[in-house]
Amino acid sequence: MDDTALRLGIAELVAAYADCIDDDRLEEWPDFFVEDCHYLITSRESHEEGLRHGVIYAASRGMLIDRVTSLRRANIFEKHRYRHITGPTRVLSVAGGVAEARTNFLAVRIMHDGDTSLFATGRYLDRIDVARQPLRFIERLVVLDSQKIDTLLVIPL
Amino acid sequence: MDDTALRLGIAELVAAYADCIDDDRLEEWPDFFVEDCHYLITSRESHEEGLRHGVIYAASRGMLIDRVTSLRRANIFEKHRYRHITGPTRVLSVAGGVAEARTNFLAVRIMHDGDTSLFATGRYLDRIDVARQPLRFIERLVVLDSQKIDTLLVIPL
Amino acid sequence: MDDTALRLGIAELVAAYADCIDDDRLEEWPDFFVEDCHYLITSRESHEEGLRHGVIYAASRGMLIDRVTSLRRANIFEKHRYRHITGPTRVLSVAGGVAEARTNFLAVRIMHDGDTSLFATGRYLDRIDVARQPLRFIERLVVLDSQKIDTLLVIPL
């Protein structure tokens with residue numbers, strides 16, 4: 001792939017990921033990651049302090065699958081959807097078959113009754129396996145701008 | 001056009017459409033569509049049920065022109081503008097001179113007194129004539145995430 | 001640079017600018033502009049009337065540096081951050097080493113306690129020096145959709 005094709009491919013990955021969640025096709029969500037992946041939703045403060053814990057954490061694709069399973073079984077939360085609006089994806093580096101990229105996002109939450117609110121904003125900090133097709137996330141850090149979100153977070157971002 | 005040029009062209013069409021509405025150049029809006037077009041604003045629920053009706057509906061460019069005419073005459077609604085923020089445009093397929101594309105959007109509404117609010121979110125599901133220049137919409141489905149918007153909707157999205 | 005590379009380069013400039021502000025790396029902000037630059041935050045009404053004044057105004061890179069210095073010293077405002085979400089960047093023309101571009105944006109404000117709100121929406125109207133690397137802004141007009149924002153504006157947009 002030349003440089004332009006690579007950039008468009010990475011942008012497509014980021015966009016397809018958001019659509020997967022927004023469409024409630026969560027069973028497909030783990031397939032956006034390599035087996036030995038790392039997924040973390042954290043706050044800006046925690047991220048700046050170098051902490052590796054967060055609101056949602058997974059250290060393998062299996063843990064992502066488990067999360068979807070339990071989310072589907074646990075029917076205790078009020079039904080809602082997200083709408084992700086992502087800004088342009090910046091490819092910061094490509095080396096050794098791994099691309100580092102960054103994308104700002106905003107997630108709107110739509111409740112079952114139609115109530116709509118600005119739910120979360122932040123950055124995706126990604127490490128992507130670009131050595132093979134389809135492109136997949138090795139690591140996706142979801143760094144939230146606000147620390148106020150924790151208790152409401154059920155569906156992945 | 002090669003693949004990259006086509007993708008950039010489609011992204012430009014989607015962005016130019018939003019700017020046309022946000023700039024209040026509504027008289028130019030019908031020209032983004034082919035003569036024999038289909039434009040529909042609907043809700044996620046209606047769309048999933050396969051229904052083809054909606055809040056705003058037009059089955060030809062003439063109907064779009066009529067809509068703008070009546071919107072300009074009817075001065076009963078409080079003046080307002082939108083600001084569209086669109087995410088990346090995904091080109092899902094290209095075949096037989098027709099591209100299918102999808103773009104998430106968020107529309108902020110700005111009232112005459114400056115009051116600003118999150119007005120609508122959703123998806124554009126597009127079929128685009130890419131066989132000739134300029135690119136035009138054959139079909140644009142505006143699928144809203146919330147069913148709560150109907151009565152407020154005057155200006156097209 | 002061919003056309004595609006130029007478009008991607010301009011999009012990268014616009015995205016990197018937003019990240020610089022959102023990351024609170026304001027000392028790097030003036031370097032996005034040429035020495036003899038023009039930066040203006042104004043409202044849609046003022047812009048349409050052709051007025052060249054605004055909420056924040058700078059007619060050289062030195063004035064931008066001064067602004068950051070005074071912003072860092074004046075510790076009277078409550079700490080906050082922005083999250084910019086920018087739409088696609090449209091390159092409207094390229095001539096004589098200068099590109100004209102337009103990008104819609106939305107800025108969310110995150111207060112120190114985590115309170116998050118839709119802060120501003122508008123358009124970036126840019127003139128960019130594309131004759132040399134790195135690309136820099138000759139002029140950046142930030143045209144806000146609402147006139148209600150003035151008193152709250154401390155950090156540049």
# chains A, B, ... in the order shown; residues from 1 in each chain; ligands from 1

call {"tool": "calpha_fit_and_write", "arguments": {"fixed": "chain B", "moving": "chain A", "output": "compact mmCIF listing (two decimals) with N, CA and C atoms, in the first residue's frame"}}
result
# COMPACT_ATOMS: atom_id res chain seq x y z
N MET A 1 -11.74 8.40 -13.21
CA MET A 1 -11.25 8.70 -11.86
C MET A 1 -10.72 7.44 -11.20
N ASP A 2 -9.58 7.55 -10.55
CA ASP A 2 -9.12 6.39 -9.79
C ASP A 2 -9.86 6.36 -8.45
N ASP A 3 -9.58 5.33 -7.69
CA ASP A 3 -10.31 5.08 -6.46
C ASP A 3 -10.19 6.25 -5.46
N THR A 4 -8.97 6.76 -5.28
CA THR A 4 -8.76 7.84 -4.32
C THR A 4 -9.49 9.11 -4.76
N ALA A 5 -9.41 9.43 -6.05
CA ALA A 5 -10.09 10.62 -6.55
C ALA A 5 -11.60 10.49 -6.37
N LEU A 6 -12.12 9.29 -6.58
CA LEU A 6 -13.56 9.07 -6.41
C LEU A 6 -13.97 9.28 -4.95
N ARG A 7 -13.19 8.73 -4.05
CA ARG A 7 -13.50 8.89 -2.64
C ARG A 7 -13.45 10.36 -2.21
N LEU A 8 -12.44 11.07 -2.67
CA LEU A 8 -12.34 12.49 -2.33
C LEU A 8 -13.50 13.27 -2.96
N GLY A 9 -13.90 12.88 -4.16
CA GLY A 9 -15.02 13.55 -4.82
C GLY A 9 -16.33 13.35 -4.08
N ILE A 10 -16.55 12.15 -3.59
CA ILE A 10 -17.77 11.86 -2.83
C ILE A 10 -17.75 12.61 -1.50
N ALA A 11 -16.60 12.62 -0.84
CA ALA A 11 -16.48 13.36 0.42
C ALA A 11 -16.74 14.85 0.20
N GLU A 12 -16.26 15.37 -0.90
CA GLU A 12 -16.48 16.78 -1.22
C GLU A 12 -17.96 17.07 -1.45
N LEU A 13 -18.65 16.17 -2.13
CA LEU A 13 -20.09 16.33 -2.36
C LEU A 13 -20.84 16.42 -1.04
N VAL A 14 -20.53 15.50 -0.13
CA VAL A 14 -21.21 15.46 1.16
C VAL A 14 -20.93 16.74 1.96
N ALA A 15 -19.71 17.20 1.90
CA ALA A 15 -19.34 18.42 2.64
C ALA A 15 -19.97 19.66 2.02
N ALA A 16 -19.98 19.73 0.70
CA ALA A 16 -20.54 20.89 0.01
C ALA A 16 -22.05 21.00 0.27
N TYR A 17 -22.71 19.86 0.32
CA TYR A 17 -24.15 19.81 0.62
C TYR A 17 -24.43 20.44 1.99
N ALA A 18 -23.66 20.05 2.99
CA ALA A 18 -23.86 20.59 4.34
C ALA A 18 -23.62 22.09 4.36
N ASP A 19 -22.58 22.54 3.67
CA ASP A 19 -22.27 23.97 3.65
C ASP A 19 -23.39 24.76 2.97
N CYS A 20 -23.96 24.20 1.92
CA CYS A 20 -25.06 24.86 1.21
C CYS A 20 -26.21 25.16 2.16
N ILE A 21 -26.59 24.18 2.96
CA ILE A 21 -27.70 24.37 3.91
C ILE A 21 -27.29 25.33 5.02
N ASP A 22 -26.11 25.12 5.58
CA ASP A 22 -25.68 25.95 6.71
C ASP A 22 -25.51 27.41 6.32
N ASP A 23 -25.17 27.63 5.05
CA ASP A 23 -25.00 29.01 4.55
C ASP A 23 -26.33 29.64 4.14
N ASP A 24 -27.42 28.88 4.30
CA ASP A 24 -28.75 29.37 3.89
C ASP A 24 -28.81 29.65 2.39
N ARG A 25 -28.08 28.88 1.60
CA ARG A 25 -28.20 28.96 0.14
C ARG A 25 -29.13 27.83 -0.34
N LEU A 26 -30.35 27.84 0.20
CA LEU A 26 -31.26 26.72 -0.03
C LEU A 26 -31.69 26.60 -1.49
N GLU A 27 -31.68 27.71 -2.22
CA GLU A 27 -32.05 27.64 -3.64
C GLU A 27 -31.09 26.74 -4.43
N GLU A 28 -29.87 26.57 -3.93
CA GLU A 28 -28.90 25.69 -4.61
C GLU A 28 -29.04 24.23 -4.19
N TRP A 29 -29.79 24.01 -3.13
CA TRP A 29 -29.90 22.67 -2.55
C TRP A 29 -30.43 21.62 -3.54
N PRO A 30 -31.51 21.89 -4.29
CA PRO A 30 -32.01 20.84 -5.21
C PRO A 30 -30.98 20.41 -6.25
N ASP A 31 -30.04 21.29 -6.56
CA ASP A 31 -29.07 20.96 -7.61
C ASP A 31 -28.06 19.89 -7.16
N PHE A 32 -28.08 19.53 -5.90
CA PHE A 32 -27.24 18.42 -5.44
C PHE A 32 -27.84 17.05 -5.80
N PHE A 33 -29.05 17.07 -6.38
CA PHE A 33 -29.75 15.82 -6.69
C PHE A 33 -29.95 15.68 -8.20
N VAL A 34 -30.03 14.44 -8.66
CA VAL A 34 -30.44 14.20 -10.05
C VAL A 34 -31.94 14.51 -10.16
N GLU A 35 -32.42 14.69 -11.39
CA GLU A 35 -33.86 14.98 -11.64
C GLU A 35 -34.76 13.97 -10.93
N ASP A 36 -34.47 12.72 -11.17
CA ASP A 36 -35.34 11.63 -10.71
C ASP A 36 -34.80 11.09 -9.39
N CYS A 37 -34.86 11.92 -8.37
CA CYS A 37 -34.19 11.60 -7.10
C CYS A 37 -35.18 11.17 -6.04
N HIS A 38 -34.61 10.82 -4.93
CA HIS A 38 -35.41 10.42 -3.77
C HIS A 38 -34.74 10.97 -2.53
N TYR A 39 -35.49 11.78 -1.76
CA TYR A 39 -34.96 12.38 -0.54
C TYR A 39 -35.95 12.12 0.58
N LEU A 40 -35.44 11.65 1.69
CA LEU A 40 -36.32 11.25 2.78
C LEU A 40 -35.64 11.49 4.11
N ILE A 41 -36.34 12.17 5.00
CA ILE A 41 -35.89 12.25 6.40
C ILE A 41 -36.79 11.35 7.20
N THR A 42 -36.21 10.40 7.87
CA THR A 42 -37.00 9.42 8.60
C THR A 42 -36.32 9.10 9.93
N SER A 43 -36.95 8.27 10.73
CA SER A 43 -36.36 7.87 12.01
C SER A 43 -35.75 6.47 11.88
N ARG A 44 -34.89 6.15 12.80
CA ARG A 44 -34.26 4.83 12.80
C ARG A 44 -35.31 3.72 12.83
N GLU A 45 -36.31 3.87 13.66
CA GLU A 45 -37.34 2.84 13.77
C GLU A 45 -38.04 2.62 12.43
N SER A 46 -38.48 3.70 11.83
CA SER A 46 -39.17 3.58 10.55
C SER A 46 -38.26 2.95 9.50
N HIS A 47 -37.01 3.37 9.50
CA HIS A 47 -36.08 2.85 8.52
C HIS A 47 -35.87 1.35 8.71
N GLU A 48 -35.74 0.91 9.95
CA GLU A 48 -35.51 -0.51 10.22
C GLU A 48 -36.74 -1.35 9.87
N GLU A 49 -37.91 -0.75 9.94
CA GLU A 49 -39.14 -1.47 9.56
C GLU A 49 -39.37 -1.43 8.06
N GLY A 50 -38.46 -0.78 7.34
CA GLY A 50 -38.56 -0.76 5.89
C GLY A 50 -39.59 0.24 5.35
N LEU A 51 -40.07 1.11 6.21
CA LEU A 51 -41.05 2.11 5.78
C LEU A 51 -40.38 3.16 4.93
N ARG A 52 -41.13 3.66 3.96
CA ARG A 52 -40.58 4.65 3.03
C ARG A 52 -41.23 6.01 3.21
N HIS A 53 -41.88 6.23 4.32
CA HIS A 53 -42.41 7.58 4.56
C HIS A 53 -41.49 8.26 5.56
N GLY A 54 -41.76 9.54 5.80
CA GLY A 54 -40.88 10.25 6.72
C GLY A 54 -41.38 11.64 6.99
N VAL A 55 -40.57 12.38 7.72
CA VAL A 55 -40.92 13.74 8.11
C VAL A 55 -40.90 14.66 6.90
N ILE A 56 -39.88 14.52 6.08
CA ILE A 56 -39.81 15.26 4.82
C ILE A 56 -39.55 14.22 3.73
N TYR A 57 -40.23 14.38 2.64
CA TYR A 57 -40.17 13.38 1.57
C TYR A 57 -40.24 14.09 0.23
N ALA A 58 -39.37 13.68 -0.70
CA ALA A 58 -39.46 14.21 -2.06
C ALA A 58 -39.06 13.12 -3.02
N ALA A 59 -39.79 13.01 -4.13
CA ALA A 59 -39.54 11.96 -5.12
C ALA A 59 -39.08 12.52 -6.45
N SER A 60 -38.69 13.79 -6.45
CA SER A 60 -38.14 14.40 -7.67
C SER A 60 -37.48 15.71 -7.28
N ARG A 61 -36.64 16.21 -8.19
CA ARG A 61 -35.98 17.48 -7.92
C ARG A 61 -37.01 18.62 -7.85
N GLY A 62 -38.07 18.48 -8.65
CA GLY A 62 -39.13 19.48 -8.61
C GLY A 62 -39.76 19.62 -7.23
N MET A 63 -39.93 18.49 -6.55
CA MET A 63 -40.50 18.55 -5.20
C MET A 63 -39.55 19.23 -4.22
N LEU A 64 -38.26 19.08 -4.45
CA LEU A 64 -37.28 19.77 -3.60
C LEU A 64 -37.37 21.28 -3.83
N ILE A 65 -37.50 21.66 -5.10
CA ILE A 65 -37.63 23.08 -5.43
C ILE A 65 -38.90 23.66 -4.79
N ASP A 66 -40.00 22.92 -4.89
CA ASP A 66 -41.25 23.36 -4.26
C ASP A 66 -41.06 23.58 -2.76
N ARG A 67 -40.35 22.66 -2.17
CA ARG A 67 -40.16 22.75 -0.72
C ARG A 67 -39.42 24.04 -0.34
N VAL A 68 -38.40 24.36 -1.09
CA VAL A 68 -37.65 25.59 -0.80
C VAL A 68 -38.54 26.82 -1.00
N THR A 69 -39.32 26.81 -2.08
CA THR A 69 -40.21 27.93 -2.36
C THR A 69 -41.17 28.17 -1.20
N SER A 70 -41.80 27.09 -0.73
CA SER A 70 -42.78 27.27 0.34
C SER A 70 -42.10 27.64 1.66
N LEU A 71 -40.92 27.12 1.85
CA LEU A 71 -40.17 27.45 3.06
C LEU A 71 -39.81 28.95 3.07
N ARG A 72 -39.48 29.49 1.91
CA ARG A 72 -39.13 30.91 1.83
C ARG A 72 -40.34 31.80 2.02
N ARG A 73 -41.51 31.34 1.54
CA ARG A 73 -42.74 32.14 1.65
C ARG A 73 -43.29 32.10 3.06
N ALA A 74 -43.30 30.92 3.64
CA ALA A 74 -43.87 30.76 4.98
C ALA A 74 -42.92 31.33 6.01
N ASN A 75 -43.26 32.50 6.48
CA ASN A 75 -42.35 33.17 7.40
C ASN A 75 -42.78 33.01 8.85
N ILE A 76 -43.46 31.91 9.11
CA ILE A 76 -44.05 31.77 10.44
C ILE A 76 -43.10 31.18 11.47
N PHE A 77 -42.05 30.53 11.02
CA PHE A 77 -41.16 29.90 12.00
C PHE A 77 -40.05 30.87 12.43
N GLU A 78 -39.61 30.68 13.63
CA GLU A 78 -38.53 31.52 14.15
C GLU A 78 -37.25 31.25 13.36
N LYS A 79 -36.59 32.31 13.00
CA LYS A 79 -35.39 32.16 12.17
C LYS A 79 -34.30 31.37 12.88
N HIS A 80 -33.71 30.45 12.16
CA HIS A 80 -32.60 29.70 12.73
C HIS A 80 -31.71 29.16 11.62
N ARG A 81 -30.55 28.70 12.02
CA ARG A 81 -29.58 28.09 11.11
C ARG A 81 -29.13 26.76 11.69
N TYR A 82 -28.53 25.96 10.86
CA TYR A 82 -27.87 24.76 11.33
C TYR A 82 -26.36 24.92 11.20
N ARG A 83 -25.66 24.11 11.95
CA ARG A 83 -24.26 23.82 11.68
C ARG A 83 -24.13 22.31 11.64
N HIS A 84 -23.83 21.79 10.48
CA HIS A 84 -23.60 20.35 10.33
C HIS A 84 -22.15 20.02 10.66
N ILE A 85 -21.96 19.02 11.46
CA ILE A 85 -20.64 18.41 11.60
C ILE A 85 -20.77 16.98 11.10
N THR A 86 -20.07 16.70 10.02
CA THR A 86 -20.15 15.35 9.47
C THR A 86 -18.87 14.59 9.79
N GLY A 87 -19.04 13.31 10.07
CA GLY A 87 -17.89 12.44 10.25
C GLY A 87 -17.34 12.03 8.90
N PRO A 88 -16.39 11.11 8.88
CA PRO A 88 -15.84 10.64 7.61
C PRO A 88 -16.91 9.94 6.77
N THR A 89 -16.83 10.11 5.46
CA THR A 89 -17.74 9.44 4.54
C THR A 89 -17.17 8.08 4.15
N ARG A 90 -17.94 7.04 4.37
CA ARG A 90 -17.52 5.70 3.99
C ARG A 90 -18.17 5.33 2.66
N VAL A 91 -17.35 4.97 1.69
CA VAL A 91 -17.87 4.50 0.41
C VAL A 91 -18.01 2.98 0.53
N LEU A 92 -19.26 2.50 0.52
CA LEU A 92 -19.52 1.09 0.79
C LEU A 92 -19.43 0.23 -0.46
N SER A 93 -19.80 0.81 -1.60
CA SER A 93 -19.71 0.06 -2.86
C SER A 93 -19.78 1.03 -4.02
N VAL A 94 -19.20 0.61 -5.15
CA VAL A 94 -19.31 1.35 -6.40
C VAL A 94 -19.58 0.32 -7.49
N ALA A 95 -20.71 0.47 -8.17
CA ALA A 95 -21.06 -0.49 -9.24
C ALA A 95 -22.03 0.17 -10.20
N GLY A 96 -21.77 -0.03 -11.49
CA GLY A 96 -22.70 0.47 -12.51
C GLY A 96 -22.87 1.98 -12.46
N GLY A 97 -21.81 2.69 -12.11
CA GLY A 97 -21.89 4.15 -12.08
C GLY A 97 -22.59 4.71 -10.87
N VAL A 98 -22.87 3.85 -9.89
CA VAL A 98 -23.56 4.30 -8.67
C VAL A 98 -22.73 3.92 -7.45
N ALA A 99 -22.46 4.90 -6.62
CA ALA A 99 -21.75 4.64 -5.37
C ALA A 99 -22.74 4.66 -4.22
N GLU A 100 -22.53 3.76 -3.28
CA GLU A 100 -23.29 3.79 -2.03
C GLU A 100 -22.36 4.28 -0.93
N ALA A 101 -22.82 5.26 -0.18
CA ALA A 101 -21.96 5.85 0.85
C ALA A 101 -22.76 6.10 2.11
N ARG A 102 -22.05 6.28 3.19
CA ARG A 102 -22.66 6.50 4.49
C ARG A 102 -21.84 7.52 5.27
N THR A 103 -22.52 8.45 5.89
CA THR A 103 -21.85 9.49 6.66
C THR A 103 -22.66 9.77 7.92
N ASN A 104 -22.03 9.73 9.07
CA ASN A 104 -22.69 10.17 10.30
C ASN A 104 -22.70 11.68 10.37
N PHE A 105 -23.74 12.22 10.96
CA PHE A 105 -23.79 13.68 11.09
C PHE A 105 -24.39 14.09 12.42
N LEU A 106 -24.09 15.32 12.77
CA LEU A 106 -24.67 15.98 13.92
C LEU A 106 -25.04 17.37 13.44
N ALA A 107 -26.25 17.81 13.79
CA ALA A 107 -26.67 19.16 13.41
C ALA A 107 -26.96 19.96 14.66
N VAL A 108 -26.27 21.07 14.78
CA VAL A 108 -26.52 22.02 15.87
C VAL A 108 -27.45 23.09 15.31
N ARG A 109 -28.40 23.53 16.11
CA ARG A 109 -29.30 24.58 15.67
C ARG A 109 -28.98 25.87 16.41
N ILE A 110 -28.86 26.95 15.66
CA ILE A 110 -28.55 28.26 16.24
C ILE A 110 -29.75 29.17 15.97
N MET A 111 -30.43 29.58 17.04
CA MET A 111 -31.60 30.45 16.89
C MET A 111 -31.14 31.88 16.62
N HIS A 112 -32.10 32.70 16.24
CA HIS A 112 -31.79 34.08 15.87
C HIS A 112 -31.13 34.86 17.02
N ASP A 113 -31.51 34.50 18.25
CA ASP A 113 -30.94 35.21 19.41
C ASP A 113 -29.61 34.60 19.86
N GLY A 114 -29.13 33.59 19.12
CA GLY A 114 -27.84 33.01 19.44
C GLY A 114 -27.91 31.73 20.25
N ASP A 115 -29.10 31.39 20.74
CA ASP A 115 -29.24 30.15 21.50
C ASP A 115 -28.85 28.95 20.63
N THR A 116 -28.00 28.12 21.18
CA THR A 116 -27.42 27.01 20.43
C THR A 116 -27.78 25.70 21.12
N SER A 117 -28.21 24.71 20.34
CA SER A 117 -28.51 23.42 20.94
C SER A 117 -28.22 22.29 19.96
N LEU A 118 -27.95 21.15 20.54
CA LEU A 118 -27.80 19.92 19.76
C LEU A 118 -29.17 19.56 19.21
N PHE A 119 -29.33 19.61 17.90
CA PHE A 119 -30.66 19.50 17.30
C PHE A 119 -30.94 18.08 16.82
N ALA A 120 -30.02 17.49 16.10
CA ALA A 120 -30.28 16.17 15.52
C ALA A 120 -28.98 15.44 15.28
N THR A 121 -29.05 14.11 15.37
CA THR A 121 -27.94 13.25 14.96
C THR A 121 -28.49 12.13 14.11
N GLY A 122 -27.63 11.55 13.31
CA GLY A 122 -28.09 10.44 12.48
C GLY A 122 -27.09 10.08 11.42
N ARG A 123 -27.60 9.39 10.40
CA ARG A 123 -26.79 8.90 9.31
C ARG A 123 -27.36 9.38 7.98
N TYR A 124 -26.48 9.74 7.07
CA TYR A 124 -26.85 9.89 5.67
C TYR A 124 -26.56 8.57 4.97
N LEU A 125 -27.57 7.99 4.35
CA LEU A 125 -27.37 6.80 3.53
C LEU A 125 -27.62 7.23 2.09
N ASP A 126 -26.55 7.22 1.29
CA ASP A 126 -26.60 7.86 -0.02
C ASP A 126 -26.37 6.88 -1.16
N ARG A 127 -27.07 7.13 -2.25
CA ARG A 127 -26.75 6.54 -3.55
C ARG A 127 -26.42 7.70 -4.48
N ILE A 128 -25.22 7.63 -5.05
CA ILE A 128 -24.66 8.78 -5.78
C ILE A 128 -24.35 8.39 -7.21
N ASP A 129 -24.76 9.25 -8.14
CA ASP A 129 -24.43 9.06 -9.55
C ASP A 129 -22.98 9.50 -9.77
N VAL A 130 -22.10 8.53 -9.97
CA VAL A 130 -20.68 8.86 -10.16
C VAL A 130 -20.27 8.68 -11.62
N ALA A 131 -21.25 8.48 -12.51
CA ALA A 131 -20.94 8.27 -13.92
C ALA A 131 -20.70 9.59 -14.64
N ARG A 132 -21.17 10.67 -14.06
CA ARG A 132 -20.95 11.98 -14.69
C ARG A 132 -20.64 13.04 -13.63
N GLN A 133 -20.07 14.15 -14.15
CA GLN A 133 -19.73 15.29 -13.30
C GLN A 133 -20.76 16.40 -13.49
N PRO A 134 -21.13 17.16 -12.49
CA PRO A 134 -20.74 16.95 -11.10
C PRO A 134 -21.48 15.77 -10.48
N LEU A 135 -20.90 15.18 -9.46
CA LEU A 135 -21.55 14.10 -8.74
C LEU A 135 -22.86 14.62 -8.14
N ARG A 136 -23.88 13.76 -8.18
CA ARG A 136 -25.18 14.16 -7.60
C ARG A 136 -25.82 12.98 -6.87
N PHE A 137 -26.68 13.30 -5.93
CA PHE A 137 -27.39 12.26 -5.19
C PHE A 137 -28.55 11.71 -6.02
N ILE A 138 -28.61 10.40 -6.13
CA ILE A 138 -29.79 9.72 -6.66
C ILE A 138 -30.79 9.53 -5.52
N GLU A 139 -30.24 9.15 -4.38
CA GLU A 139 -31.07 8.96 -3.19
C GLU A 139 -30.29 9.42 -1.97
N ARG A 140 -30.95 10.15 -1.12
CA ARG A 140 -30.36 10.51 0.16
C ARG A 140 -31.39 10.23 1.25
N LEU A 141 -31.11 9.21 2.07
CA LEU A 141 -31.94 8.93 3.23
C LEU A 141 -31.27 9.54 4.45
N VAL A 142 -32.01 10.38 5.15
CA VAL A 142 -31.52 10.99 6.38
C VAL A 142 -32.18 10.25 7.53
N VAL A 143 -31.43 9.35 8.15
CA VAL A 143 -32.01 8.50 9.20
C VAL A 143 -31.66 9.09 10.56
N LEU A 144 -32.67 9.68 11.19
CA LEU A 144 -32.46 10.34 12.49
C LEU A 144 -32.40 9.31 13.61
N ASP A 145 -31.59 9.58 14.60
CA ASP A 145 -31.46 8.66 15.74
C ASP A 145 -32.65 8.75 16.68
N SER A 146 -33.25 9.91 16.78
CA SER A 146 -34.34 10.11 17.73
C SER A 146 -35.64 10.37 16.99
N GLN A 147 -36.73 9.91 17.57
CA GLN A 147 -38.05 10.14 16.97
C GLN A 147 -38.67 11.42 17.51
N LYS A 148 -37.93 12.19 18.31
CA LYS A 148 -38.51 13.35 19.00
C LYS A 148 -38.44 14.64 18.20
N ILE A 149 -37.95 14.61 17.01
CA ILE A 149 -37.57 15.84 16.34
C ILE A 149 -38.67 16.45 15.47
N ASP A 150 -39.64 15.67 15.08
CA ASP A 150 -40.53 15.98 13.97
C ASP A 150 -41.04 17.41 13.89
N THR A 151 -41.65 17.90 14.94
CA THR A 151 -42.37 19.17 14.84
C THR A 151 -41.45 20.35 14.60
N LEU A 152 -40.20 20.22 14.92
CA LEU A 152 -39.27 21.34 14.81
C LEU A 152 -38.62 21.44 13.44
N LEU A 153 -38.85 20.46 12.60
CA LEU A 153 -38.06 20.34 11.39
C LEU A 153 -38.68 21.14 10.24
N VAL A 154 -38.01 22.19 9.85
CA VAL A 154 -38.48 23.03 8.74
C VAL A 154 -37.44 23.03 7.62
N ILE A 155 -36.22 23.38 7.98
CA ILE A 155 -35.12 23.40 7.02
C ILE A 155 -34.66 21.97 6.77
N PRO A 156 -34.35 21.61 5.55
CA PRO A 156 -33.86 20.24 5.30
C PRO A 156 -32.54 19.98 6.01
N LEU A 157 -32.25 18.72 6.19
CA LEU A 157 -31.00 18.30 6.84
C LEU A 157 -30.06 17.72 5.80

call {"tool": "select_by_dssp", "arguments": {"residues": "range 48-132 of chain A", "states": "strand (DSSP E or B)", "output": "VMD selection string"}}
result
chain A and resid 56 to 58 80 to 95 98 to 111 116 to 129

call {"tool": "decode", "arguments": {"residues": "range 142-152 of chain C", "atoms": "N, CA, C and O atoms", "output": "PDB file, in the first residue's frame"}}
result
ATOM      1  N   VAL C 142     -12.098  32.707  12.252  1.00  0.00           N
ATOM      2  CA  VAL C 142     -12.953  31.794  13.006  1.00  0.00           C
ATOM      3  C   VAL C 142     -14.318  32.466  13.104  1.00  0.00           C
ATOM      4  O   VAL C 142     -14.505  33.400  13.876  1.00  0.00           O
ATOM      5  N   VAL C 143     -15.245  32.018  12.275  1.00  0.00           N
ATOM      6  CA  VAL C 143     -16.549  32.668  12.194  1.00  0.00           C
ATOM      7  C   VAL C 143     -17.535  31.870  13.037  1.00  0.00           C
ATOM      8  O   VAL C 143     -17.971  30.779  12.657  1.00  0.00           O
ATOM      9  N   LEU C 144     -17.887  32.427  14.183  1.00  0.00           N
ATOM     10  CA  LEU C 144     -18.798  31.749  15.115  1.00  0.00           C
ATOM     11  C   LEU C 144     -20.245  31.882  14.652  1.00  0.00           C
ATOM     12  O   LEU C 144     -20.644  32.921  14.117  1.00  0.00           O
ATOM     13  N   ASP C 145     -21.034  30.850  14.901  1.00  0.00           N
ATOM     14  CA  ASP C 145     -22.437  30.881  14.504  1.00  0.00           C
ATOM     15  C   ASP C 145     -23.281  31.744  15.440  1.00  0.00           C
ATOM     16  O   ASP C 145     -24.299  32.289  15.034  1.00  0.00           O
ATOM     17  N   SER C 146     -22.884  31.824  16.682  1.00  0.00           N
ATOM     18  CA  SER C 146     -23.668  32.557  17.664  1.00  0.00           C
ATOM     19  C   SER C 146     -22.904  33.768  18.154  1.00  0.00           C
ATOM     20  O   SER C 146     -21.680  33.742  18.270  1.00  0.00           O
ATOM     21  N   GLN C 147     -23.643  34.814  18.474  1.00  0.00           N
ATOM     22  CA  GLN C 147     -23.027  36.037  18.998  1.00  0.00           C
ATOM     23  C   GLN C 147     -22.984  36.026  20.523  1.00  0.00           C
ATOM     24  O   GLN C 147     -22.560  36.981  21.152  1.00  0.00           O
ATOM     25  N   LYS C 148     -23.381  34.901  21.126  1.00  0.00           N
ATOM     26  CA  LYS C 148     -23.537  34.851  22.584  1.00  0.00           C
ATOM     27  C   LYS C 148     -22.282  34.443  23.339  1.00  0.00           C
ATOM     28  O   LYS C 148     -22.306  34.300  24.540  1.00  0.00           O
ATOM     29  N   ILE C 149     -21.190  34.251  22.652  1.00  0.00           N
ATOM     30  CA  ILE C 149     -20.066  33.562  23.266  1.00  0.00           C
ATOM     31  C   ILE C 149     -19.051  34.489  23.922  1.00  0.00           C
ATOM     32  O   ILE C 149     -18.326  34.101  24.828  1.00  0.00           O
ATOM     33  N   ASP C 150     -19.040  35.736  23.549  1.00  0.00           N
ATOM     34  CA  ASP C 150     -17.916  36.634  23.759  1.00  0.00           C
ATOM     35  C   ASP C 150     -17.248  36.570  25.125  1.00  0.00           C
ATOM     36  O   ASP C 150     -16.049  36.367  25.226  1.00  0.00           O
ATOM     37  N   THR C 151     -18.010  36.754  26.181  1.00  0.00           N
ATOM     38  CA  THR C 151     -17.398  36.941  27.499  1.00  0.00           C
ATOM     39  C   THR C 151     -16.675  35.703  28.001  1.00  0.00           C
ATOM     40  O   THR C 151     -15.828  35.785  28.877  1.00  0.00           O
ATOM     41  N   LEU C 152     -17.018  34.561  27.484  1.00  0.00           N
ATOM     42  CA  LEU C 152     -16.453  33.314  27.993  1.00  0.00           C
ATOM     43  C   LEU C 152     -15.149  32.938  27.296  1.00  0.00           C
ATOM     44  O   LEU C 152     -14.498  31.988  27.678  1.00  0.00           O
TER      45      LEU C 152
END
